[in-house]
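Notes follow once the structure below has been shown.
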Number of protein chains: 2
Amino acid sequence: MNNKTAARKSLPDHSRPPMAGTTIYAIVEATRTLLATQGYEALSMREVAAGAGITPPAIYRHFPNKDALIDFVVKDTLREFELHLLRAIAPLPVGSYERLLALGSAYIRVATEHEAQFKILFTRFRSRPRKLADFPGQWGYQVLRQCVVEAIDAGILREMDPDLASFFFWSRVHGIVMLLLACDFSETLPPEIGDLTAENLFAATRDLVVSGLKAGP
Amino acid sequence: MNNKTAARKSLPDHSRPPMAGTTIYAIVEATRTLLATQGYEALSMREVAAGAGITPPAIYRHFPNKDALIDFVVKDTLREFELHLLRAIAPLPVGSYERLLALGSAYIRVATEHEAQFKILFTRFRSRPRKLADFPGQWGYQVLRQCVVEAIDAGILREMDPDLASFFFWSRVHGIVMLLLACDFSETLPPEIGDLTAENLFAATRDLVVSGLKAGP
DNA sequence: AACTTATAGTTAACATCGTTAACACGCGGG
DNA sequence: CCCGCGTGTTAACGATGTTAACTATAAGTT
């Protein structure tokens, strides 16, 4: 009967993107554009409404509040993140180290291409630390874990807990991305790396990860 | 003559903390408390003023705007970060790997103890990517670099560019901290790690860093 | 065909926020 | 004495997120 007690307002379906041509699509698209151009802090409901060709209160027919709108846009933008990962590793042999590298590159690519959404997802969390399962598509964690398991089985990686190893890989690329988003290393790091993109720094340090930091025998 | 053209309003001295008992001290202290208890998003000038026992416009006698106030508090809080690092490594032998571990632990400790300031410093940057030199005390980068150089010289770490290695170490702890601040891994990572603190995860993965990920010979 | 109802939009307004303008008090030096 | 300066006040402005109240349109239902 009243199994819709929780929501008086009709929420958008979080399981798939809104159809083009609808107002809700215009709202989401306007939000996305504003996030990419002005960033999070400058995003206002009035500007979103103007971009969508409606008045501000009309937004509240589709989203309960600003947070929910942004949350939806972030999740919608990163919805296909998992697919990106799968596409990145598809042409590479199962269990190979190249697959893990490709995952790192794909992560970095998504993070830099959707910088605003990425920062929101990882810093503007209302519900403080969220469960990994709450992240859209678990943020491809299962894909990463699978590749780690396969690499261990293939003898490419040494024996270790796959979850701990996955966390290790994840935190590594995450740290590179977050550090570069926050700080300019152009006068610090050696020029032979080339452009100080996250991608380049990921590549420049991968040998360290594989072989370890200890001095040779 | 008019060498103070840029600033009509008197700015606080950024080079040392305000004296106790002064209004400026009360403002800073109120801001610090609110940041720690409510977080950045909930921080309002009116609450700061109330906490400092003055009216909101009075704040503007000491800080040009909200951003400057927060910026000052962040820098003031993390002013002694470099000293923390130095104290952490002091009892440990020069060139030892323990020194590098102690640096990582100190970084993690400061980040988790001053979560709000840490997040502001690394995500709420107005002047987008800032130069590393602009960070308070360069954020101890020189300390880290020095330890890396010494460890390489001591034969503890293999030969590599010290700046690249420093970045590698930094991004590693940074990634762990940022990931844990954003996401709850309690149902993901193996329970034998213990509490899922950044400190524990740093310790649990340090062998991987030293020995490398590749399978043994 | 007429009446109801839900949906999706509008205008007007409110509370709160950062910030400024205008003014007031106290204190040290000519 | 008064002048200026530092530091506080009150009142107010513009922008923001959000709600209330109203309206128009399309879809059923009798």
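Please note that chains go A, B, ... in the order of the structure tokens, that every chain numbers its residues from 1, and that ligands are numbered from 1 in the order shown.
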
Open item on the list: Need to verify the contact set: Pro93 of chain A, 12 Å, only C-alpha atoms (C1' of nucleotides), exclusion of same-chain residues closer than 2 positions in sequence. Can you return it as a list in words?
Closed with: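 Contacts, in chain order: Ala88, Ile89, Ala90, Pro91, Gly95, Ser96, Tyr97, Glu98, Arg99, Leu100, Ala102, Cys147, Glu150, Ala151, Ala154 and Ile156 of chain A.
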
Keeping only all heavy atoms, write the selected residues to a file as a short mmCIF file (atom, residue, chain, number, x, y, z; two decimals), in the first residue's frame.
```cif
data_model
loop_
_atom_site.label_atom_id
_atom_site.label_comp_id
_atom_site.auth_asym_id
_atom_site.auth_seq_id
_atom_site.Cartn_x
_atom_site.Cartn_y
_atom_site.Cartn_z
N ALA A 88 39.32 -1.06 -20.50
CA ALA A 88 40.77 -0.82 -20.47
C ALA A 88 41.55 -2.12 -20.39
O ALA A 88 42.63 -2.25 -20.98
CB ALA A 88 41.12 0.10 -19.31
N ILE A 89 41.00 -3.10 -19.68
CA ILE A 89 41.76 -4.33 -19.49
C ILE A 89 41.41 -5.39 -20.52
O ILE A 89 42.14 -6.38 -20.67
CB ILE A 89 41.53 -4.92 -18.08
CG1 ILE A 89 40.06 -5.30 -17.90
CG2 ILE A 89 41.98 -3.96 -17.01
CD1 ILE A 89 39.80 -6.04 -16.60
N ALA A 90 40.32 -5.19 -21.25
CA ALA A 90 39.82 -6.24 -22.16
C ALA A 90 40.89 -6.76 -23.11
O ALA A 90 41.04 -7.99 -23.24
CB ALA A 90 38.62 -5.71 -22.94
N PRO A 91 41.64 -5.88 -23.79
CA PRO A 91 42.58 -6.42 -24.79
C PRO A 91 43.85 -7.02 -24.18
O PRO A 91 44.68 -7.54 -24.92
CB PRO A 91 42.93 -5.19 -25.64
CG PRO A 91 42.72 -4.04 -24.74
CD PRO A 91 41.61 -4.41 -23.79
N GLY A 95 45.68 -11.92 -15.96
CA GLY A 95 46.75 -12.20 -15.02
C GLY A 95 48.01 -11.40 -15.26
O GLY A 95 48.97 -11.52 -14.51
N SER A 96 48.00 -10.57 -16.29
CA SER A 96 49.22 -9.84 -16.62
C SER A 96 49.35 -8.58 -15.75
O SER A 96 48.37 -8.05 -15.23
CB SER A 96 49.21 -9.42 -18.09
OG SER A 96 48.14 -8.51 -18.32
N TYR A 97 50.57 -8.14 -15.62
CA TYR A 97 50.80 -6.90 -14.88
C TYR A 97 50.29 -5.71 -15.69
O TYR A 97 49.88 -4.69 -15.12
CB TYR A 97 52.29 -6.74 -14.57
CG TYR A 97 52.59 -5.54 -13.74
CD1 TYR A 97 52.07 -5.42 -12.45
CD2 TYR A 97 53.38 -4.50 -14.22
CE1 TYR A 97 52.32 -4.31 -11.67
CE2 TYR A 97 53.64 -3.39 -13.44
CZ TYR A 97 53.11 -3.29 -12.18
OH TYR A 97 53.36 -2.19 -11.41
N GLU A 98 50.28 -5.84 -17.01
CA GLU A 98 49.76 -4.78 -17.86
C GLU A 98 48.31 -4.45 -17.52
O GLU A 98 47.87 -3.31 -17.61
CB GLU A 98 49.85 -5.17 -19.35
CG GLU A 98 51.25 -5.10 -19.93
CD GLU A 98 52.15 -6.20 -19.38
OE1 GLU A 98 51.62 -7.29 -19.07
OE2 GLU A 98 53.36 -5.95 -19.22
N ARG A 99 47.58 -5.47 -17.12
CA ARG A 99 46.18 -5.22 -16.74
C ARG A 99 46.10 -4.29 -15.53
O ARG A 99 45.29 -3.38 -15.49
CB ARG A 99 45.50 -6.54 -16.40
CG ARG A 99 45.07 -7.32 -17.61
CD ARG A 99 43.97 -8.32 -17.25
NE ARG A 99 43.08 -8.49 -18.38
CZ ARG A 99 41.93 -9.17 -18.31
NH1 ARG A 99 41.55 -9.71 -17.18
NH2 ARG A 99 41.16 -9.27 -19.36
N LEU A 100 46.97 -4.52 -14.58
CA LEU A 100 46.95 -3.66 -13.39
C LEU A 100 47.37 -2.24 -13.75
O LEU A 100 46.79 -1.27 -13.26
CB LEU A 100 47.87 -4.25 -12.33
CG LEU A 100 47.36 -5.55 -11.72
CD1 LEU A 100 48.43 -6.21 -10.86
CD2 LEU A 100 46.11 -5.29 -10.88
N ALA A 102 46.90 -0.88 -16.63
CA ALA A 102 45.78 -0.29 -17.37
C ALA A 102 44.69 0.20 -16.42
O ALA A 102 44.06 1.24 -16.66
CB ALA A 102 45.21 -1.30 -18.35
N CYS A 147 41.50 -8.63 -10.95
CA CYS A 147 42.79 -8.57 -11.65
C CYS A 147 43.94 -8.91 -10.72
O CYS A 147 44.92 -9.55 -11.13
CB CYS A 147 42.99 -7.19 -12.26
SG CYS A 147 41.95 -6.87 -13.69
N GLU A 150 43.95 -12.67 -10.19
CA GLU A 150 44.47 -13.35 -11.38
C GLU A 150 45.98 -13.19 -11.50
O GLU A 150 46.69 -14.13 -11.89
CB GLU A 150 43.78 -12.80 -12.64
CG GLU A 150 42.32 -13.24 -12.75
CD GLU A 150 41.56 -12.46 -13.80
OE1 GLU A 150 42.12 -11.49 -14.35
OE2 GLU A 150 40.39 -12.81 -14.05
N ALA A 151 46.46 -11.99 -11.17
CA ALA A 151 47.90 -11.75 -11.27
C ALA A 151 48.66 -12.59 -10.23
O ALA A 151 49.76 -13.08 -10.51
CB ALA A 151 48.20 -10.27 -11.08
N ALA A 154 48.65 -16.09 -11.49
CA ALA A 154 49.55 -16.25 -12.63
C ALA A 154 51.02 -16.18 -12.21
O ALA A 154 51.92 -16.35 -13.03
CB ALA A 154 49.25 -15.18 -13.69
N ILE A 156 52.51 -13.51 -11.23
CA ILE A 156 53.06 -12.20 -11.54
C ILE A 156 53.26 -11.40 -10.25
O ILE A 156 54.27 -10.72 -10.08
CB ILE A 156 52.11 -11.43 -12.49
CG1 ILE A 156 51.93 -12.18 -13.80
CG2 ILE A 156 52.63 -10.02 -12.73
CD1 ILE A 156 53.20 -12.31 -14.58
#
```

Show me, as a JSON list (two decimals) with N, CA and C atoms, in the first residue's frame, every residue of chain B with an atom at most 8 Å from chain D, counting only C-alpha atoms (C1' of nucleotides).
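Final output, saved to part.json:
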```
[["chain", "number", "residue", "atom", "x", "y", "z"],
["B", 55, "THR", "N", 30.77, 40.55, 17.53],
["B", 55, "THR", "CA", 29.78, 40.51, 16.46],
["B", 55, "THR", "C", 30.48, 40.24, 15.13],
["B", 58, "ALA", "N", 33.03, 42.48, 13.24],
["B", 58, "ALA", "CA", 34.31, 42.74, 13.91],
["B", 58, "ALA", "C", 35.42, 41.84, 13.39],
["B", 61, "ARG", "N", 37.80, 43.29, 10.93],
["B", 61, "ARG", "CA", 38.88, 44.17, 11.35],
["B", 61, "ARG", "C", 40.21, 43.43, 11.38]]
```

- [ ] Return as a PyMOL selection string the residues belonging to chain B that are within 7 Å of chain A, counting only C-alpha atoms.
- [x] chain B and resi 122-123+128-132+155-158+163-164+168+171-172+174-176+179+181-185+188-190+205+209-216

With N, CA and C atoms retained, write the just-selected residues as a short mmCIF file (atom, residue, chain, number, x, y, z; two decimals), in the first residue's frame.
```
data_model
loop_
_atom_site.label_atom_id
_atom_site.label_comp_id
_atom_site.auth_asym_id
_atom_site.auth_seq_id
_atom_site.Cartn_x
_atom_site.Cartn_y
_atom_site.Cartn_z
N PHE B 122 44.02 20.38 1.23
CA PHE B 122 44.23 19.60 0.02
C PHE B 122 43.05 19.53 -0.93
N THR B 123 41.95 20.14 -0.56
CA THR B 123 40.83 20.08 -1.49
C THR B 123 40.15 21.41 -1.68
N ARG B 128 43.99 27.31 -7.40
CA ARG B 128 43.94 25.88 -7.75
C ARG B 128 45.17 25.08 -7.37
N PRO B 129 45.94 24.52 -8.26
CA PRO B 129 47.16 23.87 -7.76
C PRO B 129 48.16 24.92 -7.32
N ARG B 130 48.54 24.86 -6.04
CA ARG B 130 49.53 25.83 -5.58
C ARG B 130 50.93 25.24 -5.68
N LYS B 131 51.87 26.12 -5.75
CA LYS B 131 53.25 25.67 -5.75
C LYS B 131 53.55 25.00 -4.41
N LEU B 132 54.38 23.99 -4.48
CA LEU B 132 54.75 23.31 -3.25
C LEU B 132 55.37 24.29 -2.25
N GLY B 155 72.55 3.16 1.57
CA GLY B 155 72.34 1.88 0.91
C GLY B 155 71.09 1.15 1.34
N ILE B 156 70.23 1.86 2.03
CA ILE B 156 68.96 1.27 2.45
C ILE B 156 67.96 1.28 1.31
N LEU B 157 67.94 2.38 0.60
CA LEU B 157 67.11 2.48 -0.60
C LEU B 157 68.01 2.38 -1.82
N ARG B 158 67.47 1.84 -2.88
CA ARG B 158 68.28 1.75 -4.10
C ARG B 158 68.43 3.14 -4.72
N ASP B 163 63.80 13.24 -5.53
CA ASP B 163 62.52 13.95 -5.60
C ASP B 163 61.40 13.01 -6.03
N LEU B 164 61.72 12.18 -7.00
CA LEU B 164 60.72 11.22 -7.43
C LEU B 164 60.39 10.26 -6.30
N PHE B 168 56.91 9.72 -4.37
CA PHE B 168 56.33 8.38 -4.23
C PHE B 168 55.91 8.10 -2.79
N SER B 171 52.88 10.47 -1.91
CA SER B 171 51.61 10.09 -2.52
C SER B 171 51.06 8.82 -1.89
N ARG B 172 51.96 8.00 -1.42
CA ARG B 172 51.52 6.75 -0.79
C ARG B 172 50.74 7.03 0.50
N HIS B 174 49.56 9.84 1.48
CA HIS B 174 48.43 10.72 1.16
C HIS B 174 47.24 9.91 0.64
N GLY B 175 47.52 8.98 -0.23
CA GLY B 175 46.44 8.15 -0.78
C GLY B 175 45.74 7.36 0.30
N ILE B 176 46.50 6.79 1.20
CA ILE B 176 45.90 6.02 2.29
C ILE B 176 44.99 6.91 3.13
N LEU B 179 41.83 8.14 1.14
CA LEU B 179 40.89 7.07 0.88
C LEU B 179 40.13 6.71 2.15
N LEU B 181 39.57 8.66 4.70
CA LEU B 181 38.67 9.75 5.08
C LEU B 181 37.37 9.69 4.29
N ALA B 182 37.43 9.10 3.12
CA ALA B 182 36.27 9.15 2.24
C ALA B 182 35.42 7.89 2.28
N CYS B 183 36.02 6.79 2.63
CA CYS B 183 35.38 5.50 2.38
C CYS B 183 35.61 4.55 3.53
N ASP B 184 34.62 3.75 3.79
CA ASP B 184 34.68 2.78 4.89
C ASP B 184 35.01 1.40 4.34
N PHE B 185 36.14 0.89 4.70
CA PHE B 185 36.59 -0.40 4.18
C PHE B 185 36.36 -1.55 5.15
N THR B 188 35.42 -4.79 3.79
CA THR B 188 36.18 -5.15 2.60
C THR B 188 37.53 -5.76 2.96
N LEU B 189 38.23 -5.06 3.83
CA LEU B 189 39.60 -5.51 4.13
C LEU B 189 39.60 -6.60 5.18
N PRO B 190 40.61 -7.44 5.15
CA PRO B 190 40.67 -8.58 6.07
C PRO B 190 40.78 -8.11 7.51
N THR B 205 50.98 -2.46 4.73
CA THR B 205 51.42 -2.49 3.33
C THR B 205 52.88 -2.11 3.16
N VAL B 209 55.95 -2.32 -0.14
CA VAL B 209 56.72 -1.22 -0.71
C VAL B 209 58.20 -1.54 -0.73
N VAL B 210 58.66 -2.13 0.34
CA VAL B 210 60.08 -2.40 0.44
C VAL B 210 60.50 -3.50 -0.52
N SER B 211 59.79 -4.61 -0.45
CA SER B 211 60.22 -5.77 -1.21
C SER B 211 59.69 -5.79 -2.64
N GLY B 212 58.71 -4.96 -2.92
CA GLY B 212 58.13 -4.96 -4.25
C GLY B 212 57.02 -5.98 -4.37
N LEU B 213 56.29 -5.89 -5.44
CA LEU B 213 55.10 -6.73 -5.60
C LEU B 213 55.37 -8.00 -6.39
N LYS B 214 56.47 -8.01 -7.08
CA LYS B 214 56.68 -9.16 -7.97
C LYS B 214 56.91 -10.43 -7.14
N ALA B 215 56.52 -11.52 -7.75
CA ALA B 215 56.66 -12.80 -7.07
C ALA B 215 58.13 -13.11 -6.83
N GLY B 216 58.38 -13.79 -5.73
CA GLY B 216 59.76 -14.11 -5.36
C GLY B 216 60.44 -14.97 -6.42
#
```

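DSSP secondary structure from the backbone places Arg130, Lys131, Leu157, Cys183, Asp184 and Lys214 of chain A of chain A in strand (DSSP E or B).
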
Output C-alpha atoms for every residue in the selection just made, as a PDB file, in the first residue's frame.
```pdb
ATOM      1  CA  ARG A 130      30.544   5.711   3.276  1.00  0.00           C
ATOM      2  CA  LYS A 131      30.659   2.005   2.857  1.00  0.00           C
ATOM      3  CA  LEU A 157      52.400 -10.863  -8.077  1.00  0.00           C
ATOM      4  CA  CYS A 183      49.727  20.924  -5.459  1.00  0.00           C
ATOM      5  CA  ASP A 184      52.029  22.033  -8.236  1.00  0.00           C
ATOM      6  CA  LYS A 214      65.312  -1.725  -1.117  1.00  0.00           C
TER       7      LYS A 214
END
```

Select, as a PDB file with N, CA, C and O atoms, in the first residue's frame, those residues of chain A with any atom no more than 12 Å from chain C (distances computed using only C-alpha atoms (C1' of nucleotides)).
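Saved result, selection-v7.pdb, follows:
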```pdb
ATOM      1  N   LYS A   9       8.222  13.521  -2.421  1.00  0.00           N
ATOM      2  CA  LYS A   9       8.617  14.011  -3.737  1.00  0.00           C
ATOM      3  C   LYS A   9       9.131  12.859  -4.586  1.00  0.00           C
ATOM      4  O   LYS A   9       9.769  11.946  -4.087  1.00  0.00           O
ATOM      5  N   SER A  10       8.838  12.929  -5.866  1.00  0.00           N
ATOM      6  CA  SER A  10       9.289  11.860  -6.745  1.00  0.00           C
ATOM      7  C   SER A  10      10.777  12.016  -7.019  1.00  0.00           C
ATOM      8  O   SER A  10      11.222  13.012  -7.567  1.00  0.00           O
ATOM      9  N   THR A  22      13.908  15.343 -21.579  1.00  0.00           N
ATOM     10  CA  THR A  22      13.124  15.608 -20.380  1.00  0.00           C
ATOM     11  C   THR A  22      13.741  16.767 -19.593  1.00  0.00           C
ATOM     12  O   THR A  22      14.906  17.106 -19.770  1.00  0.00           O
ATOM     13  N   THR A  23      12.902  17.354 -18.745  1.00  0.00           N
ATOM     14  CA  THR A  23      13.393  18.452 -17.905  1.00  0.00           C
ATOM     15  C   THR A  23      14.495  17.971 -16.985  1.00  0.00           C
ATOM     16  O   THR A  23      15.515  18.642 -16.792  1.00  0.00           O
ATOM     17  N   ILE A  24      14.287  16.801 -16.423  1.00  0.00           N
ATOM     18  CA  ILE A  24      15.274  16.270 -15.495  1.00  0.00           C
ATOM     19  C   ILE A  24      16.628  16.107 -16.192  1.00  0.00           C
ATOM     20  O   ILE A  24      17.681  16.364 -15.597  1.00  0.00           O
ATOM     21  N   GLY A  53      16.639  26.149 -18.293  1.00  0.00           N
ATOM     22  CA  GLY A  53      15.506  26.865 -18.866  1.00  0.00           C
ATOM     23  C   GLY A  53      14.253  26.820 -18.019  1.00  0.00           C
ATOM     24  O   GLY A  53      13.138  26.862 -18.534  1.00  0.00           O
ATOM     25  N   ILE A  54      14.418  26.719 -16.731  1.00  0.00           N
ATOM     26  CA  ILE A  54      13.267  26.715 -15.826  1.00  0.00           C
ATOM     27  C   ILE A  54      13.567  27.656 -14.661  1.00  0.00           C
ATOM     28  O   ILE A  54      14.617  28.287 -14.622  1.00  0.00           O
ATOM     29  N   THR A  55      12.628  27.768 -13.726  1.00  0.00           N
ATOM     30  CA  THR A  55      12.859  28.590 -12.544  1.00  0.00           C
ATOM     31  C   THR A  55      13.357  27.696 -11.405  1.00  0.00           C
ATOM     32  O   THR A  55      13.039  26.504 -11.373  1.00  0.00           O
ATOM     33  N   PRO A  56      14.097  28.288 -10.488  1.00  0.00           N
ATOM     34  CA  PRO A  56      14.733  27.474  -9.437  1.00  0.00           C
ATOM     35  C   PRO A  56      13.804  26.507  -8.698  1.00  0.00           C
ATOM     36  O   PRO A  56      14.166  25.334  -8.545  1.00  0.00           O
ATOM     37  N   PRO A  57      12.647  26.935  -8.259  1.00  0.00           N
ATOM     38  CA  PRO A  57      11.831  25.975  -7.482  1.00  0.00           C
ATOM     39  C   PRO A  57      11.419  24.741  -8.279  1.00  0.00           C
ATOM     40  O   PRO A  57      11.102  23.710  -7.673  1.00  0.00           O
ATOM     41  N   ALA A  58      11.425  24.852  -9.585  1.00  0.00           N
ATOM     42  CA  ALA A  58      11.020  23.694 -10.393  1.00  0.00           C
ATOM     43  C   ALA A  58      11.986  22.527 -10.201  1.00  0.00           C
ATOM     44  O   ALA A  58      11.595  21.362 -10.343  1.00  0.00           O
ATOM     45  N   ILE A  59      13.210  22.843  -9.870  1.00  0.00           N
ATOM     46  CA  ILE A  59      14.182  21.768  -9.653  1.00  0.00           C
ATOM     47  C   ILE A  59      13.703  20.831  -8.549  1.00  0.00           C
ATOM     48  O   ILE A  59      13.904  19.623  -8.611  1.00  0.00           O
ATOM     49  N   TYR A  60      13.020  21.443  -7.569  1.00  0.00           N
ATOM     50  CA  TYR A  60      12.611  20.660  -6.400  1.00  0.00           C
ATOM     51  C   TYR A  60      11.448  19.719  -6.698  1.00  0.00           C
ATOM     52  O   TYR A  60      11.027  18.964  -5.836  1.00  0.00           O
ATOM     53  N   ARG A  61      10.917  19.770  -7.908  1.00  0.00           N
ATOM     54  CA  ARG A  61       9.951  18.755  -8.323  1.00  0.00           C
ATOM     55  C   ARG A  61      10.659  17.459  -8.680  1.00  0.00           C
ATOM     56  O   ARG A  61      10.029  16.412  -8.790  1.00  0.00           O
ATOM     57  N   HIS A  62      11.986  17.558  -8.891  1.00  0.00           N
ATOM     58  CA  HIS A  62      12.721  16.383  -9.368  1.00  0.00           C
ATOM     59  C   HIS A  62      13.807  15.918  -8.397  1.00  0.00           C
ATOM     60  O   HIS A  62      14.171  14.760  -8.399  1.00  0.00           O
TER      61      HIS A  62
END
```

- [ ] Just list the residues in segment 68-211 of chain B DSSP gives helix (DSSP H, G or I) on the backbone, as a VMD selection string.
- [x] chain B and resid 68 to 77 81 to 89 97 to 113 115 to 123 132 to 134 136 to 153 162 to 182 191 to 193 198 to 204 206 to 211

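Atom CA of Leu103 of chain A is positioned 12.3 Å from atom CA of Ala203 of chain A.
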
TODO: Skip segment 26-31 of chain A itself and residues of its chain fewer than 4 positions away, then list as a ChimeraX atom specification all residues within 7 Å of it, counting only C-alpha atoms (C1' of nucleotides).
DONE: /A:22,35,48-49,51-52,73

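Separating atom CA of Gln117 of chain B from atom CA of Phe72 of chain B is a distance of 10.4 Å.
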